[in-house]
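Coordinates from my_file.txt are shown below (compact mmCIF, C-alpha atoms).
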# COMPACT_ATOMS: atom_id res chain seq x y z
CA ALA W 203 30.95 52.13 264.57
CA ALA W 204 32.73 53.48 261.50
CA SER W 205 29.60 55.10 259.98
CA MET W 206 29.48 58.54 261.57
CA SER W 207 27.35 60.85 259.43
CA THR W 208 24.42 61.07 261.85
CA ASP W 209 26.79 61.13 264.81
CA LEU W 210 28.69 64.15 263.48
CA TYR W 211 25.92 66.12 261.75
CA GLY W 212 23.37 65.33 264.43
CA MET W 213 25.61 66.49 267.26
CA ALA W 214 26.55 69.63 265.30
CA ALA W 215 22.86 70.37 264.69
CA LEU W 216 22.15 69.80 268.38
CA ASP W 217 24.92 72.24 269.26
CA ALA W 218 23.37 74.88 266.97
CA CYS W 219 19.89 74.29 268.42
CA THR W 220 21.23 74.62 271.95
CA GLN W 221 22.73 78.01 271.10
CA ILE W 222 19.44 79.29 269.68
CA LEU W 223 17.43 77.97 272.63
CA LYS W 224 19.78 79.77 275.01
CA ARG W 225 19.14 83.07 273.20
CA LEU W 226 15.38 82.49 273.25
CA ALA W 227 15.24 81.52 276.93
CA PRO W 228 14.71 85.11 278.25
CA LEU W 229 11.94 85.75 275.68
CA ARG W 230 10.16 82.48 276.46
CA ALA W 231 10.26 83.26 280.17
CA ARG W 232 8.80 86.73 279.54
CA LEU W 233 6.09 85.57 277.13
CA GLY W 234 4.96 82.67 279.31
CA PRO W 235 4.45 78.96 278.62
CA GLY W 236 1.37 79.36 276.41
CA LYS W 237 3.19 80.90 273.45
CA SER W 238 3.99 78.79 270.39
CA LEU W 239 7.39 78.59 268.77
CA ALA W 240 6.13 80.79 265.93
CA ASP W 241 5.09 83.47 268.44
CA VAL W 242 8.46 83.34 270.18
CA ALA W 243 10.34 83.47 266.87
CA LYS W 244 8.28 86.49 265.73
CA VAL W 245 9.10 88.42 268.89
CA ALA W 246 12.75 87.39 268.64
CA ASN W 247 12.90 88.67 265.08
CA MET W 248 11.37 92.01 266.03
CA GLU W 249 13.84 92.35 268.90
CA ARG W 250 16.75 91.47 266.61
CA VAL W 251 17.68 88.21 268.30
CA ASP W 252 19.87 86.08 266.05
CA LEU W 253 17.92 82.96 265.04
CA SER W 254 20.80 81.27 263.22
CA ALA W 255 23.75 79.43 264.68
CA HIS W 256 26.91 77.64 263.63
CA GLY W 257 27.10 74.21 265.22
CA PHE W 258 30.27 72.18 265.47
CA PHE W 259 31.16 68.75 266.80
CA ALA W 260 34.25 66.57 266.82
CA VAL W 261 34.64 63.20 268.46
CA ASP W 262 36.77 63.40 271.58
CA ASP W 263 40.23 62.00 270.95
CA ALA W 264 39.89 60.06 274.19
CA ARG W 265 36.95 58.17 272.61
CA CYS W 266 38.45 57.62 269.19
CA GLY W 267 42.23 57.42 269.14
CA PHE W 268 43.88 54.05 268.51
CA ILE W 269 47.68 53.89 268.57
CA TRP W 270 48.48 51.37 265.86
CA ASP W 271 52.29 51.50 266.17
CA LEU W 272 52.63 51.58 269.96
CA ASP W 273 56.13 50.49 270.92
CA PRO W 274 56.74 48.56 273.04
CA MET W 275 53.48 46.66 272.69
CA PRO W 276 51.72 46.28 276.07
CA THR W 277 50.94 42.70 276.97
CA LYS W 278 48.63 40.83 279.31
CA PRO W 279 49.97 38.52 282.05
CA ASP W 280 49.65 35.58 279.64
CA GLY W 281 51.87 37.32 277.10
CA THR W 282 49.18 38.19 274.54
CA PRO W 283 48.84 41.80 273.27
CA ASP W 284 46.78 44.10 275.49
CA ASN W 285 44.91 46.21 272.93
CA SER W 286 42.98 48.04 275.67
CA LYS W 287 46.15 50.01 276.40
CA ARG W 288 46.26 51.34 272.84
CA GLY W 289 43.08 53.40 273.05
CA LEU W 290 39.72 53.04 271.29
CA PRO W 291 39.52 52.48 267.52
CA PHE W 292 35.85 53.58 267.51
CA ASN W 293 33.66 55.90 269.55
CA TYR W 294 31.34 52.99 270.36
CA PHE W 295 30.41 49.52 269.14
CA THR W 296 27.25 48.13 267.59
CA GLN W 297 26.21 44.60 266.78
CA GLY W 298 23.47 42.40 265.40
CA VAL W 299 22.36 38.81 265.02
CA ALA W 300 20.60 37.03 262.16
CA CYS W 301 18.99 33.70 261.30
CA ALA W 302 18.31 32.64 257.71
CA GLU W 303 16.26 29.83 256.18
CA VAL W 304 17.04 28.73 252.61
CA GLU W 305 15.86 26.21 250.03
CA LEU W 306 18.47 24.65 247.75
CA ASP W 307 17.75 22.88 244.47
CA VAL W 308 20.43 20.21 244.53
CA LEU W 309 20.03 19.45 240.81
CA SER W 310 20.69 23.00 239.61
CA GLY W 311 22.44 24.66 242.53
CA ASP W 312 19.84 27.42 242.52
CA HIS W 313 18.65 28.63 245.89
CA THR W 314 16.02 30.80 247.57
CA VAL W 315 16.23 32.62 250.88
CA THR W 316 12.77 31.87 252.22
CA ARG W 317 13.07 33.80 255.46
CA ALA W 318 15.54 35.90 257.42
CA ASP W 319 15.23 37.40 260.89
CA MET W 320 17.55 40.09 262.24
CA LEU W 321 17.94 41.89 265.54
CA VAL W 322 20.24 44.90 265.33
CA ASP W 323 21.55 47.32 267.94
CA VAL W 324 21.09 50.92 266.78
CA GLY W 325 20.80 52.44 270.26
CA SER W 326 17.74 54.68 270.63
CA THR W 327 16.87 55.06 266.96
CA ILE W 328 16.34 58.56 265.58
CA ASN W 329 14.32 57.34 262.61
CA ALA W 330 13.28 53.69 262.73
CA HIS W 331 12.09 53.67 259.10
CA ILE W 332 15.47 54.83 257.80
CA ASP W 333 17.39 52.47 260.06
CA VAL W 334 15.28 49.45 259.08
CA GLY W 335 15.62 50.37 255.39
CA GLN W 336 19.41 50.55 255.69
CA ILE W 337 19.49 47.23 257.51
CA GLU W 338 17.35 45.54 254.85
CA GLY W 339 19.48 46.93 252.03
CA ALA W 340 22.76 46.01 253.71
CA PHE W 341 21.51 42.47 254.33
CA ALA W 342 20.59 42.06 250.66
CA GLN W 343 24.05 43.32 249.70
CA GLY W 344 25.64 40.83 252.07
CA VAL W 345 23.63 37.95 250.61
CA GLY W 346 24.74 38.96 247.12
CA LEU W 347 28.34 39.31 248.23
CA CYS W 348 28.52 35.75 249.55
CA THR W 349 26.37 33.96 246.97
CA ILE W 350 26.46 35.48 243.47
CA GLU W 351 28.99 38.34 243.20
CA GLU W 352 31.98 36.39 241.99
CA VAL W 353 35.22 38.27 241.31
CA THR W 354 37.13 37.09 238.23
CA TRP W 355 40.73 38.09 237.48
CA ALA W 356 42.90 37.43 234.44
CA ASP W 357 44.99 34.57 235.80
CA SER W 358 45.97 31.00 234.90
CA ASP W 359 42.39 29.80 235.40
CA HIS W 360 40.91 32.58 233.22
CA GLN W 361 43.38 32.99 230.38
CA TRP W 362 40.71 34.39 228.07
CA VAL W 363 40.73 37.62 230.11
CA LYS W 364 43.45 39.95 228.85
CA PRO W 365 45.86 41.36 229.92
CA ARG W 366 47.00 39.22 232.84
CA GLY W 367 46.06 40.73 236.18
CA ARG W 368 43.03 42.60 234.79
CA LEU W 369 39.81 42.52 236.80
CA PHE W 370 37.06 41.24 234.53
CA THR W 371 34.09 41.71 236.88
CA ARG W 372 34.35 45.47 237.18
CA GLY W 373 30.65 46.26 237.20
CA PRO W 374 27.11 44.90 236.74
CA GLY W 375 27.92 44.02 233.14
CA GLY W 376 30.41 41.42 234.35
CA TYR W 377 28.83 39.91 237.45
CA LYS W 378 25.43 39.30 238.98
CA LEU W 379 23.87 41.81 241.35
CA PRO W 380 21.21 40.98 243.92
CA SER W 381 17.74 41.61 242.45
CA PHE W 382 14.14 41.41 243.63
CA ASN W 383 14.18 37.61 243.48
CA ASP W 384 17.19 37.46 245.81
CA VAL W 385 15.45 39.28 248.66
CA PRO W 386 14.18 36.88 251.36
CA HIS W 387 10.51 36.07 250.83
CA ASP W 388 9.93 36.85 254.50
CA LEU W 389 12.34 39.46 255.87
CA ARG W 390 11.92 40.59 259.47
CA VAL W 391 13.99 43.28 261.18
CA GLY W 392 13.91 44.09 264.87
CA LEU W 393 15.70 46.94 266.64
CA LEU W 394 17.18 46.06 270.01
CA ALA W 395 15.38 47.96 272.78
CA GLY W 396 16.75 49.46 275.98
CA VAL W 397 20.30 50.05 274.74
CA PRO W 398 20.92 53.84 274.95
CA ASN W 399 24.25 55.13 273.72
CA LYS W 400 25.52 58.15 275.65
CA PHE W 401 28.27 58.85 273.11
CA ALA W 402 26.02 59.94 270.20
CA VAL W 403 23.12 62.28 269.50
CA HIS W 404 19.93 61.37 271.39
CA SER W 405 21.45 58.04 272.50
CA SER W 406 21.40 56.71 268.92
CA LYS W 407 23.87 54.51 267.06
CA ALA W 408 24.86 54.35 263.43
CA VAL W 409 23.69 51.33 261.46
CA GLY W 410 27.28 50.58 260.48
CA GLU W 411 28.57 47.40 258.89
CA PRO W 412 26.91 44.59 260.92
CA PRO W 413 23.83 44.16 258.66
CA LEU W 414 26.10 43.56 255.64
CA PHE W 415 27.91 40.74 257.38
CA LEU W 416 24.61 39.35 258.68
CA GLY W 417 23.92 38.38 255.07
CA PHE W 418 26.44 35.58 255.57
CA SER W 419 23.80 33.79 257.61
CA ALA W 420 22.35 32.83 254.21
CA PHE W 421 25.74 31.43 253.15
CA LEU W 422 25.97 29.34 256.31
CA ALA W 423 22.39 28.11 255.85
CA LEU W 424 23.27 27.04 252.29
CA LYS W 425 26.31 25.19 253.57
CA ASP W 426 24.07 23.41 256.06
CA ALA W 427 21.73 22.43 253.20
CA VAL W 428 24.68 21.11 251.17
CA ARG W 429 25.82 19.11 254.20
CA ALA W 430 22.40 17.46 254.36
CA ALA W 431 22.56 16.66 250.63
CA ARG W 432 26.03 15.15 250.99
CA ALA W 433 24.80 12.93 253.82
CA GLU W 434 21.93 11.71 251.62
CA HIS W 435 23.91 11.17 248.41
CA ALA W 436 27.45 10.35 249.57
CA GLY W 437 26.77 8.90 253.01
CA THR W 438 28.84 11.49 254.86
CA ASP W 439 28.32 12.11 258.57
CA PRO W 440 26.84 15.63 259.02
CA SER W 441 28.44 15.92 262.45
CA THR W 442 31.97 15.41 261.07
CA ASP W 443 31.68 16.54 257.42
CA ALA W 444 33.84 19.66 257.71
CA PHE W 445 33.99 20.37 253.97
CA GLU W 446 35.17 23.65 252.47
CA LEU W 447 32.61 25.81 250.67
CA ARG W 448 34.21 28.90 249.21
CA SER W 449 32.50 32.24 248.96
CA PRO W 450 30.67 33.24 246.90
CA ALA W 451 28.46 30.15 247.00
CA THR W 452 27.55 30.24 243.31
CA SER W 453 25.17 27.76 241.72
CA GLU W 454 28.15 25.82 240.34
CA ARG W 455 29.84 25.48 243.73
CA LEU W 456 26.62 24.52 245.49
CA ARG W 457 25.66 22.01 242.79
CA MET W 458 29.00 20.21 242.73
CA ALA W 459 29.37 20.21 246.53
CA CYS W 460 26.19 18.14 246.92
CA LEU W 461 28.08 15.02 245.71
CA ASP W 462 25.17 13.24 244.07
CA ARG W 463 25.95 10.58 241.46
CA PHE W 464 26.07 13.07 238.59
CA ALA W 465 28.49 15.35 240.43
CA LEU W 466 30.66 12.42 241.50
CA GLU W 467 30.87 11.12 237.92
CA SER W 468 31.75 14.58 236.61
CA ILE W 469 34.46 15.02 239.22
CA ARG W 470 35.87 11.56 238.46
CA ARG W 471 35.98 12.17 234.71
CA ASN W 472 37.88 15.39 235.28
CA GLY W 473 40.63 13.47 237.05
CA HIS W 474 39.99 14.39 240.67
CA ALA W 475 40.48 11.43 242.97
CA ASP W 476 39.20 13.07 246.17
CA ALA W 477 35.63 14.15 245.36
CA LYS W 478 34.99 15.44 248.88
CA ALA W 479 37.84 17.96 248.56
CA TYR W 480 36.98 19.01 245.00
CA GLN W 481 36.58 22.76 244.46
CA PRO W 482 34.68 24.03 241.38
CA LYS W 483 36.18 27.12 239.79
CA GLY W 484 32.86 28.95 239.82
CA SER W 485 30.91 30.54 237.00
CA PHE W 486 33.78 31.01 234.56
This entry written out as structure tokens:
Amino acid sequence: AASMSTDLYGMAALDACTQILKRLAPLRARLGPGKSLADVAKVANMERVDLSAHGFFAVDDARCGFIWDLDPMPTKPDGTPDNSKRGLPFNYFTQGVACAEVELDVLSGDHTVTRADMLVDVGSTINAHIDVGQIEGAFAQGVGLCTIEEVTWADSDHQWVKPRGRLFTRGPGGYKLPSFNDVPHDLRVGLLAGVPNKFAVHSSKAVGEPPLFLGFSAFLALKDAVRAARAEHAGTDPSTDAFELRSPATSERLRMACLDRFALESIRRNGHADAKAYQPKGSF
């Protein structure tokens, strides 16, 4: 995983705690098992035992050192690159899976994510509430990224944006952000059990990027809904209708991809002979 805050700070804190526990070990043995931490700390203070420590941790180069420009490139027997010989790009890997259910209004292109289920590998979680919150937020970001956050540049299709090459959608004033209404009505998050990670503090794993990409399950569900609409309106075969739906799946793209009689007439009047390959320009 590329998110390493807890991995680094947690292991450094664990190192500091281990140092302090080592100093307190003789006192705890002398005082007996019935004494509380406060009692042990009080005695340690009176006997001038240092109760502070400087913890440090760095990921072992053997666990996180990928040689990008290895020359010559090692290859497998079939001639393909053997990346395993180049080291490890990350200390460990994490993953997740998601399933989304959507409703699409084929007349307006508006949609609702009615339910989403996720199962994410975070090792032995340190704080389940924080991990679940990060997963939920990342999923909402991912849904926004692939459905409403359209990037608009000053190019031949957007000549009203000046000067040429300028990014118009530079902030929330220029594009839509996910809001309360974009959150799935029923959002369920599960943390994979029984997957300890020996390379991080207390067998945990960082949340990382997977929940963001899991938001694309909503995009794929919308494409499936459009495929059903195309079969109803245009008589396409859902099993072979491999149409292109570009991300983000804005209302305009979803509406026009449904190929009902209004969309077909609009596409025809705009001079596009192949309606099934037609690509709307988006919101602008």
Quick one: of W:Leu229, W:Val345, W:Val299, W:Ile269, who's nearest to Asn285 (chain W), counting only C-alpha atoms? W:Ile269
Between W:Ala214, W:Leu424, W:Ala356, W:Leu290, smallest distance to Ala255 (chain W) by only C-alpha atoms belongs to W:Ala214
Find the nearest atom pair between each residue of region 373-426 of chain W and region 442-461 of chain W for residues within 12 Å, count all atoms listed in the file, give distances in Å to one decimal, sort rows by chain and ascending number, and present the table as a tab-separated table.
residue	atom	partner	partner_atom	distance
W:Tyr377	CA	W:Thr452	CA	11.4
W:Lys378	CA	W:Thr452	CA	10.3
W:Gly417	CA	W:Pro450	CA	11.8
W:Phe418	CA	W:Ser449	CA	9.6
W:Ala420	CA	W:Ala451	CA	9.8
W:Phe421	CA	W:Ala451	CA	6.8
W:Leu422	CA	W:Leu447	CA	9.4
W:Ala423	CA	W:Ala451	CA	10.9
W:Leu424	CA	W:Leu456	CA	8.0
W:Lys425	CA	W:Leu447	CA	7.0
W:Asp426	CA	W:Asp443	CA	10.3
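Computed from the coordinates, the CA of Ala431 (chain W) to CA of Val308 (chain W) distance equals 7.4 Å.
Among the candidate residues W:Asn329, W:Ser441, W:Thr349, W:Thr296, the one lying nearest to Gly311 (chain W) is W:Thr349, with distances computed using only C-alpha atoms.
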Tell me, in Å to one decimal, how far CA of His404 (chain W) is from CA of Phe258 (chain W). 16.1 Å
Applying 12 Å and all atoms listed in the file, which residues near Pro374 (chain W) remain after dropping the ones on its own chain fewer than 4 positions away? List them as a VMD selection string. chain W and resid 350 to 353 370 378 to 381
Could I see region 312-325 of chain W restored to N, CA, C and O atoms, set down as a tab-separated table (two decimals), keeping the file's coordinate frame?
chain	number	residue	atom	x	y	z
W	312	ASP	N	20.57	26.18	242.27
W	312	ASP	CA	19.84	27.42	242.52
W	312	ASP	C	19.29	27.40	243.94
W	312	ASP	O	19.00	26.34	244.51
W	313	HIS	N	19.13	28.58	244.52
W	313	HIS	CA	18.65	28.63	245.89
W	313	HIS	C	17.70	29.80	246.09
W	313	HIS	O	17.67	30.75	245.30
W	314	THR	N	16.94	29.74	247.17
W	314	THR	CA	16.02	30.80	247.57
W	314	THR	C	16.16	31.03	249.07
W	314	THR	O	16.21	30.06	249.83
W	315	VAL	N	16.25	32.29	249.45
W	315	VAL	CA	16.23	32.62	250.88
W	315	VAL	C	14.76	32.81	251.25
W	315	VAL	O	14.14	33.81	250.88
W	316	THR	N	14.20	31.83	251.93
W	316	THR	CA	12.77	31.87	252.22
W	316	THR	C	12.43	32.81	253.37
W	316	THR	O	11.37	33.42	253.39
W	317	ARG	N	13.33	32.91	254.34
W	317	ARG	CA	13.07	33.80	255.46
W	317	ARG	C	14.37	34.21	256.13
W	317	ARG	O	15.34	33.44	256.16
W	318	ALA	N	14.39	35.42	256.65
W	318	ALA	CA	15.54	35.90	257.42
W	318	ALA	C	15.04	36.80	258.54
W	318	ALA	O	14.17	37.65	258.32
W	319	ASP	N	15.57	36.59	259.72
W	319	ASP	CA	15.23	37.40	260.89
W	319	ASP	C	16.50	38.07	261.40
W	319	ASP	O	17.54	37.42	261.52
W	320	MET	N	16.40	39.36	261.72
W	320	MET	CA	17.55	40.09	262.24
W	320	MET	C	17.16	40.91	263.46
W	320	MET	O	16.04	41.43	263.55
W	321	LEU	N	18.07	41.00	264.39
W	321	LEU	CA	17.94	41.89	265.54
W	321	LEU	C	19.21	42.71	265.61
W	321	LEU	O	20.31	42.16	265.74
W	322	VAL	N	19.08	44.04	265.48
W	322	VAL	CA	20.24	44.90	265.33
W	322	VAL	C	20.22	45.99	266.40
W	322	VAL	O	19.17	46.56	266.71
W	323	ASP	N	21.39	46.29	266.92
W	323	ASP	CA	21.55	47.32	267.94
W	323	ASP	C	21.85	48.66	267.27
W	323	ASP	O	22.93	48.86	266.72
W	324	VAL	N	20.88	49.57	267.30
W	324	VAL	CA	21.09	50.92	266.78
W	324	VAL	C	20.85	51.95	267.89
W	324	VAL	O	20.55	53.10	267.63
W	325	GLY	N	21.02	51.52	269.14
W	325	GLY	CA	20.80	52.44	270.26
W	325	GLY	C	19.34	52.85	270.33
W	325	GLY	O	18.43	52.06	270.08
